[in-house]
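To keep things clear, I will list the structure first and then write my remarks on it.
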Amino acid sequence: MQMSIVKVYNILLGTYGPQGWWPVTRKDHPEYFPGSYDHPKNEKEAWEIMVGAILTQNTAWKNVEKALTNLIKAKCLDVKCIARMSKKELAELIRPAGYYNQKADRLKTLAKYMLDKWGGNLGKFFHRPVMEIREELLNIKGIGKETADSIILYAGKRPIFVVDAYTRRIFYRLGLIPSEREEYDKIRETVEKAFSKLNEEDKRIVFNEFHALLVEHAKQHCRKKPVCEGCPLGEGCKLKA
Ligand code: SF4
């Protein structure tokens with residue numbers, strides 16, 4: 001029998017526990033622990049997450065961490081420094097994240113935009129209706145829906161559900177969407193509707209966890225070639241059935 005989205009969320013949370021994303025924040029702040037949703041606590045942390053959201057495009061997180069560490073060592077993990085640094089120098093620092101020339105362009109475009117249009121004031125940038133922020137991010141070259149929504153949710157601490165390839169795979173196998181190629185916004189809206197009764201802050205926490213939990217589930221069980229034995233979602237899965 002098909003499971004509701006809320007049930008899927010509750011089962012994943014019960015199985016894997018709170019994930020406490022965004023991961024880099026936890027690494028750099030040992031006091032941070034899963035289940036605390038205070039971070040980012042300042043604009044420096046928010047910018048770090050925005051940079052991470054660009055760097056993580058088409059690469060594993062461990063490579064992003066290396067690139068971020070290089071930026072931290074070069075004392076250049078801030079909006080001004082990235083906007084002013086030469087593209088060549090920036091590309092060299094972020095080389096471990098792959099596609100480094102393209103990502104250097106994207107980071108510089110984003111940094112310059114934040115500086116020119118918002119004076120580097122990220123707090124002000126995020127203190128607006130979610131869809132207004134989203135529209136603006138989507139107009140910046142190199143920022144697609146998944147990156148924009150990751151930035152809004154994890155850097156801006158505003159409620160929006162992030163859809164990625166893992167979400168598509170798991171939802172399709174559970175029969176929650178008709179195809180893995182279902183439209184991005186249809187999936188996002190379906191999840192957001194399922195939690196529409198929650199207040200803003202609770203929604204933010206649920207969307208923060210749900211995305212991270214789906215990633216964890218895709219790593220542990222719902223891989224390309226799924227490991228269905230012991231899967232906590234097995235009873236609602238059409239693939240297993
Ligand atoms: S039963 Fe298998 S295919 Fe279905 S959600 Fe679990 S791991 Fe994925």
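Identifiers in this document derive from the order of the structure tokens: chains are assigned A, B, ..., residues are numbered from 1 separately in each chain, and ligands are numbered from 1 in order of occurrence.
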Determine, for each residue of chain A having at least one atom at most 10 Å from an atom of ligand 1, the closest pair of atoms and their separation in Å to one decimal, counting only C-alpha atoms and all ligand atoms; order by chain and ascending number, as CSV.
residue,atom,partner,partner_atom_place_in_ligand_line,distance
A:Val8,CA,ligand 1,5 (S),9.7
A:Arg169,CA,ligand 1,8 (Fe),8.1
A:Ile170,CA,ligand 1,5 (S),5.7
A:Phe171,CA,ligand 1,5 (S),8.1
A:Tyr172,CA,ligand 1,5 (S),9.0
A:Arg173,CA,ligand 1,3 (S),5.6
A:Leu174,CA,ligand 1,5 (S),6.1
A:Gly175,CA,ligand 1,4 (Fe),9.6
A:His217,CA,ligand 1,7 (S),7.8
A:Ala218,CA,ligand 1,8 (Fe),7.4
A:Lys219,CA,ligand 1,7 (S),9.6
A:Gln220,CA,ligand 1,7 (S),8.1
A:His221,CA,ligand 1,7 (S),4.4
A:Cys222,CA,ligand 1,8 (Fe),3.8
A:Arg223,CA,ligand 1,7 (S),6.9
A:Lys224,CA,ligand 1,8 (Fe),8.8
A:Lys225,CA,ligand 1,3 (S),8.3
A:Pro226,CA,ligand 1,7 (S),4.8
A:Val227,CA,ligand 1,7 (S),5.1
A:Cys228,CA,ligand 1,2 (Fe),3.6
A:Glu229,CA,ligand 1,1 (S),7.2
A:Gly230,CA,ligand 1,6 (Fe),8.0
A:Cys231,CA,ligand 1,6 (Fe),4.6
A:Pro232,CA,ligand 1,6 (Fe),6.6
A:Leu233,CA,ligand 1,6 (Fe),5.1
A:Gly234,CA,ligand 1,1 (S),3.9
A:Glu235,CA,ligand 1,1 (S),7.3
A:Gly236,CA,ligand 1,4 (Fe),7.5
A:Cys237,CA,ligand 1,4 (Fe),4.5
A:Lys238,CA,ligand 1,4 (Fe),6.8
A:Leu239,CA,ligand 1,3 (S),5.2
A:Lys240,CA,ligand 1,1 (S),4.8
A:Ala241,CA,ligand 1,1 (S),7.9
Next, dump the selected residues to file, keeping only N, CA, C and O atoms, as a short mmCIF file (atom, residue, chain, number, x, y, z; two decimals), in the first residue's frame.
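Listing of again23.cif after writing:
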data_model
loop_
_atom_site.label_atom_id
_atom_site.label_comp_id
_atom_site.auth_asym_id
_atom_site.auth_seq_id
_atom_site.Cartn_x
_atom_site.Cartn_y
_atom_site.Cartn_z
N VAL A 8 6.49 8.56 5.27
CA VAL A 8 7.85 8.31 4.77
C VAL A 8 8.83 9.12 5.61
O VAL A 8 9.86 8.61 6.09
N ARG A 169 14.36 9.32 -7.22
CA ARG A 169 14.48 7.86 -7.26
C ARG A 169 13.60 7.20 -6.19
O ARG A 169 12.81 6.30 -6.47
N ILE A 170 13.73 7.69 -4.96
CA ILE A 170 12.98 7.07 -3.85
C ILE A 170 11.48 7.30 -4.02
O ILE A 170 10.67 6.36 -3.88
N PHE A 171 11.07 8.52 -4.34
CA PHE A 171 9.64 8.81 -4.48
C PHE A 171 9.03 7.98 -5.62
O PHE A 171 7.90 7.53 -5.51
N TYR A 172 9.79 7.82 -6.69
CA TYR A 172 9.26 7.04 -7.81
C TYR A 172 9.08 5.57 -7.39
O TYR A 172 8.03 4.96 -7.63
N ARG A 173 10.08 5.03 -6.72
CA ARG A 173 9.99 3.63 -6.30
C ARG A 173 8.86 3.40 -5.30
O ARG A 173 8.28 2.33 -5.23
N LEU A 174 8.58 4.46 -4.51
CA LEU A 174 7.48 4.35 -3.54
C LEU A 174 6.12 4.64 -4.17
O LEU A 174 5.10 4.58 -3.50
N GLY A 175 6.13 5.00 -5.44
CA GLY A 175 4.86 5.29 -6.14
C GLY A 175 4.31 6.66 -5.81
O GLY A 175 3.13 6.94 -6.04
N HIS A 217 19.09 7.70 3.07
CA HIS A 217 18.40 6.47 2.67
C HIS A 217 18.89 5.97 1.30
O HIS A 217 19.04 4.76 1.09
N ALA A 218 19.16 6.92 0.42
CA ALA A 218 19.66 6.54 -0.91
C ALA A 218 21.06 5.94 -0.82
O ALA A 218 21.44 5.11 -1.64
N LYS A 219 21.81 6.35 0.18
CA LYS A 219 23.16 5.80 0.34
C LYS A 219 23.10 4.42 0.99
O LYS A 219 23.81 3.50 0.62
N GLN A 220 22.22 4.29 1.98
CA GLN A 220 22.20 3.03 2.73
C GLN A 220 21.39 1.93 2.07
O GLN A 220 21.77 0.77 2.11
N HIS A 221 20.24 2.28 1.52
CA HIS A 221 19.37 1.24 0.94
C HIS A 221 18.99 1.49 -0.52
O HIS A 221 19.15 0.61 -1.36
N CYS A 222 18.44 2.68 -0.77
CA CYS A 222 17.82 2.88 -2.08
C CYS A 222 18.87 3.36 -3.10
O CYS A 222 18.74 4.43 -3.68
N ARG A 223 19.89 2.53 -3.27
CA ARG A 223 20.94 2.86 -4.24
C ARG A 223 20.41 2.61 -5.64
O ARG A 223 19.31 2.08 -5.80
N LYS A 224 21.26 2.92 -6.63
CA LYS A 224 20.84 2.66 -8.01
C LYS A 224 20.37 1.21 -8.10
O LYS A 224 19.30 0.91 -8.61
N LYS A 225 21.24 0.33 -7.57
CA LYS A 225 20.82 -1.07 -7.44
C LYS A 225 20.41 -1.22 -5.97
O LYS A 225 21.26 -1.27 -5.07
N PRO A 226 19.11 -1.23 -5.71
CA PRO A 226 18.67 -1.10 -4.32
C PRO A 226 19.00 -2.31 -3.43
O PRO A 226 19.04 -3.43 -3.89
N VAL A 227 19.25 -1.99 -2.15
CA VAL A 227 19.43 -3.04 -1.14
C VAL A 227 18.12 -3.07 -0.35
O VAL A 227 17.96 -2.35 0.64
N CYS A 228 17.17 -3.85 -0.82
CA CYS A 228 15.82 -3.79 -0.24
C CYS A 228 15.69 -4.55 1.07
O CYS A 228 14.79 -4.28 1.87
N GLU A 229 16.61 -5.47 1.29
CA GLU A 229 16.52 -6.24 2.54
C GLU A 229 16.74 -5.30 3.72
O GLU A 229 17.73 -4.56 3.77
N GLY A 230 15.80 -5.31 4.64
CA GLY A 230 15.93 -4.46 5.82
C GLY A 230 15.54 -3.01 5.57
O GLY A 230 15.71 -2.16 6.45
N CYS A 231 15.02 -2.71 4.38
CA CYS A 231 14.64 -1.32 4.09
C CYS A 231 13.44 -0.90 4.94
O CYS A 231 12.42 -1.59 4.94
N PRO A 232 13.55 0.22 5.66
CA PRO A 232 12.44 0.64 6.53
C PRO A 232 11.19 1.08 5.75
O PRO A 232 10.11 1.18 6.32
N LEU A 233 11.37 1.33 4.44
CA LEU A 233 10.21 1.77 3.64
C LEU A 233 9.65 0.63 2.80
O LEU A 233 8.79 0.84 1.95
N GLY A 234 10.14 -0.57 3.04
CA GLY A 234 9.78 -1.72 2.20
C GLY A 234 8.29 -1.95 2.05
O GLY A 234 7.80 -2.23 0.95
N GLU A 235 7.53 -1.75 3.13
CA GLU A 235 6.08 -2.07 3.07
C GLU A 235 5.31 -1.18 2.10
O GLU A 235 4.27 -1.56 1.58
N GLY A 236 5.88 0.03 1.80
CA GLY A 236 5.16 0.92 0.89
C GLY A 236 5.79 0.99 -0.48
O GLY A 236 5.47 1.87 -1.27
N CYS A 237 6.68 0.06 -0.78
CA CYS A 237 7.45 0.21 -2.00
C CYS A 237 6.96 -0.67 -3.14
O CYS A 237 6.89 -1.89 -3.01
N LYS A 238 6.65 -0.05 -4.26
CA LYS A 238 6.12 -0.81 -5.40
C LYS A 238 7.22 -1.65 -6.05
O LYS A 238 6.98 -2.68 -6.61
N LEU A 239 8.47 -1.16 -5.95
CA LEU A 239 9.57 -1.88 -6.56
C LEU A 239 9.80 -3.20 -5.82
O LEU A 239 9.99 -4.26 -6.42
N LYS A 240 9.76 -3.13 -4.48
CA LYS A 240 9.98 -4.32 -3.67
C LYS A 240 8.81 -5.29 -3.86
O LYS A 240 8.99 -6.49 -3.99
N ALA A 241 7.59 -4.69 -3.86
CA ALA A 241 6.40 -5.53 -4.01
C ALA A 241 6.44 -6.23 -5.36
O ALA A 241 6.09 -7.36 -5.49
#
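Every residue of segment 187-225 of chain A with a DSSP assignment of helix (DSSP H, G or I), taken from the backbone, is listed as Ile187, Arg188, Glu189, Thr190, Val191, Glu192, Lys193, Ala194, Glu200, Glu201, Asp202, Lys203, Arg204, Ile205, Val206, Phe207, Asn208, Glu209, Phe210, His211, Ala212, Leu213, Leu214, Val215, Glu216, His217, Ala218, Lys219 and Gln220 of chain A.
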Emit the selected residues as an mmCIF file, in the first residue's frame, including N, CA, C and O atoms.
data_model
loop_
_atom_site.group_PDB
_atom_site.id
_atom_site.type_symbol
_atom_site.label_atom_id
_atom_site.label_comp_id
_atom_site.auth_asym_id
_atom_site.auth_seq_id
_atom_site.Cartn_x
_atom_site.Cartn_y
_atom_site.Cartn_z
ATOM 1 N N ILE A 187 7.081 18.135 -7.613
ATOM 2 C CA ILE A 187 7.535 17.322 -6.470
ATOM 3 C C ILE A 187 7.673 18.214 -5.237
ATOM 4 O O ILE A 187 7.197 17.882 -4.150
ATOM 5 N N ARG A 188 8.303 19.354 -5.438
ATOM 6 C CA ARG A 188 8.502 20.276 -4.302
ATOM 7 C C ARG A 188 7.161 20.670 -3.687
ATOM 8 O O ARG A 188 6.970 20.601 -2.475
ATOM 9 N N GLU A 189 6.225 21.030 -4.538
ATOM 10 C CA GLU A 189 4.922 21.480 -4.026
ATOM 11 C C GLU A 189 4.159 20.346 -3.337
ATOM 12 O O GLU A 189 3.460 20.572 -2.351
ATOM 13 N N THR A 190 4.306 19.117 -3.844
ATOM 14 C CA THR A 190 3.615 17.982 -3.223
ATOM 15 C C THR A 190 4.108 17.792 -1.786
ATOM 16 O O THR A 190 3.317 17.577 -0.858
ATOM 17 N N VAL A 191 5.428 17.890 -1.615
ATOM 18 C CA VAL A 191 5.975 17.717 -0.260
ATOM 19 C C VAL A 191 5.560 18.896 0.619
ATOM 20 O O VAL A 191 5.122 18.711 1.769
ATOM 21 N N GLU A 192 5.668 20.085 0.084
ATOM 22 C CA GLU A 192 5.327 21.264 0.894
ATOM 23 C C GLU A 192 3.850 21.233 1.316
ATOM 24 O O GLU A 192 3.512 21.609 2.426
ATOM 25 N N LYS A 193 3.002 20.728 0.419
ATOM 26 C CA LYS A 193 1.565 20.634 0.732
ATOM 27 C C LYS A 193 1.324 19.641 1.883
ATOM 28 O O LYS A 193 0.480 19.856 2.746
ATOM 29 N N ALA A 194 2.097 18.559 1.867
ATOM 30 C CA ALA A 194 1.913 17.527 2.899
ATOM 31 C C ALA A 194 2.206 18.073 4.299
ATOM 32 O O ALA A 194 1.709 17.539 5.298
ATOM 33 N N GLU A 200 6.056 28.107 10.029
ATOM 34 C CA GLU A 200 7.250 28.344 9.197
ATOM 35 C C GLU A 200 8.492 27.640 9.740
ATOM 36 O O GLU A 200 9.223 26.986 9.010
ATOM 37 N N GLU A 201 8.719 27.803 11.045
ATOM 38 C CA GLU A 201 9.948 27.270 11.627
ATOM 39 C C GLU A 201 9.931 25.738 11.624
ATOM 40 O O GLU A 201 10.934 25.091 11.312
ATOM 41 N N ASP A 202 8.788 25.143 11.944
ATOM 42 C CA ASP A 202 8.710 23.675 11.935
ATOM 43 C C ASP A 202 8.864 23.135 10.511
ATOM 44 O O ASP A 202 9.484 22.107 10.283
ATOM 45 N N LYS A 203 8.303 23.870 9.557
ATOM 46 C CA LYS A 203 8.461 23.455 8.148
ATOM 47 C C LYS A 203 9.934 23.468 7.781
ATOM 48 O O LYS A 203 10.448 22.569 7.150
ATOM 49 N N ARG A 204 10.614 24.517 8.155
ATOM 50 C CA ARG A 204 12.036 24.636 7.822
ATOM 51 C C ARG A 204 12.807 23.431 8.382
ATOM 52 O O ARG A 204 13.640 22.840 7.697
ATOM 53 N N ILE A 205 12.487 23.060 9.609
ATOM 54 C CA ILE A 205 13.217 21.956 10.230
ATOM 55 C C ILE A 205 12.882 20.639 9.516
ATOM 56 O O ILE A 205 13.759 19.822 9.225
ATOM 57 N N VAL A 206 11.601 20.440 9.204
ATOM 58 C CA VAL A 206 11.202 19.218 8.499
ATOM 59 C C VAL A 206 11.878 19.152 7.125
ATOM 60 O O VAL A 206 12.430 18.118 6.740
ATOM 61 N N PHE A 207 11.875 20.246 6.381
ATOM 62 C CA PHE A 207 12.475 20.220 5.032
ATOM 63 C C PHE A 207 13.991 20.045 5.125
ATOM 64 O O PHE A 207 14.594 19.374 4.283
ATOM 65 N N ASN A 208 14.584 20.641 6.136
ATOM 66 C CA ASN A 208 16.024 20.471 6.376
ATOM 67 C C ASN A 208 16.329 18.981 6.566
ATOM 68 O O ASN A 208 17.211 18.421 5.908
ATOM 69 N N GLU A 209 15.567 18.353 7.446
ATOM 70 C CA GLU A 209 15.807 16.937 7.743
ATOM 71 C C GLU A 209 15.404 16.013 6.596
ATOM 72 O O GLU A 209 16.111 15.055 6.292
ATOM 73 N N PHE A 210 14.254 16.293 5.993
ATOM 74 C CA PHE A 210 13.713 15.369 4.983
ATOM 75 C C PHE A 210 14.703 15.193 3.833
ATOM 76 O O PHE A 210 15.008 14.079 3.403
ATOM 77 N N HIS A 211 15.228 16.294 3.327
ATOM 78 C CA HIS A 211 16.179 16.215 2.221
ATOM 79 C C HIS A 211 17.406 15.385 2.644
ATOM 80 O O HIS A 211 17.849 14.479 1.937
ATOM 81 N N ALA A 212 17.922 15.691 3.824
ATOM 82 C CA ALA A 212 19.120 14.982 4.308
ATOM 83 C C ALA A 212 18.822 13.499 4.544
ATOM 84 O O ALA A 212 19.649 12.628 4.252
ATOM 85 N N LEU A 213 17.628 13.204 5.051
ATOM 86 C CA LEU A 213 17.259 11.805 5.327
ATOM 87 C C LEU A 213 17.116 11.007 4.031
ATOM 88 O O LEU A 213 17.475 9.827 3.966
ATOM 89 N N LEU A 214 16.590 11.659 3.002
ATOM 90 C CA LEU A 214 16.459 10.974 1.704
ATOM 91 C C LEU A 214 17.840 10.654 1.127
ATOM 92 O O LEU A 214 18.057 9.584 0.556
ATOM 93 N N VAL A 215 18.775 11.578 1.311
ATOM 94 C CA VAL A 215 20.143 11.330 0.855
ATOM 95 C C VAL A 215 20.717 10.126 1.610
ATOM 96 O O VAL A 215 21.307 9.211 1.015
ATOM 97 N N GLU A 216 20.507 10.109 2.911
ATOM 98 C CA GLU A 216 21.026 8.997 3.727
ATOM 99 C C GLU A 216 20.396 7.666 3.303
ATOM 100 O O GLU A 216 21.066 6.640 3.171
ATOM 101 N N HIS A 217 19.089 7.698 3.070
ATOM 102 C CA HIS A 217 18.398 6.466 2.670
ATOM 103 C C HIS A 217 18.890 5.971 1.304
ATOM 104 O O HIS A 217 19.042 4.760 1.090
ATOM 105 N N ALA A 218 19.160 6.922 0.419
ATOM 106 C CA ALA A 218 19.660 6.538 -0.913
ATOM 107 C C ALA A 218 21.057 5.936 -0.818
ATOM 108 O O ALA A 218 21.442 5.106 -1.636
ATOM 109 N N LYS A 219 21.811 6.352 0.179
ATOM 110 C CA LYS A 219 23.161 5.798 0.344
ATOM 111 C C LYS A 219 23.099 4.420 0.994
ATOM 112 O O LYS A 219 23.813 3.504 0.619
ATOM 113 N N GLN A 220 22.219 4.286 1.977
ATOM 114 C CA GLN A 220 22.199 3.033 2.734
ATOM 115 C C GLN A 220 21.388 1.927 2.068
ATOM 116 O O GLN A 220 21.767 0.772 2.108
#
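Proximity ranking of A:Glu48, A:Glu65, A:Glu135, A:Asp185 relative to Pro96 of chain A places A:Glu65 first, based on only C-alpha atoms.
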Could you tell me which of A:Ala67, A:Gly123, A:Met114, A:Gln2 comes closest to Glu92 of chain A if we count only C-alpha atoms?
->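 Nearest candidate to Glu92 of chain A out of A:Ala67, A:Gly123, A:Met114, A:Gln2: A:Ala67.
With atom CA of Trp118 of chain A on one side and atom CA of Thr59 of chain A on the other, the separation reads 29.1 Å.
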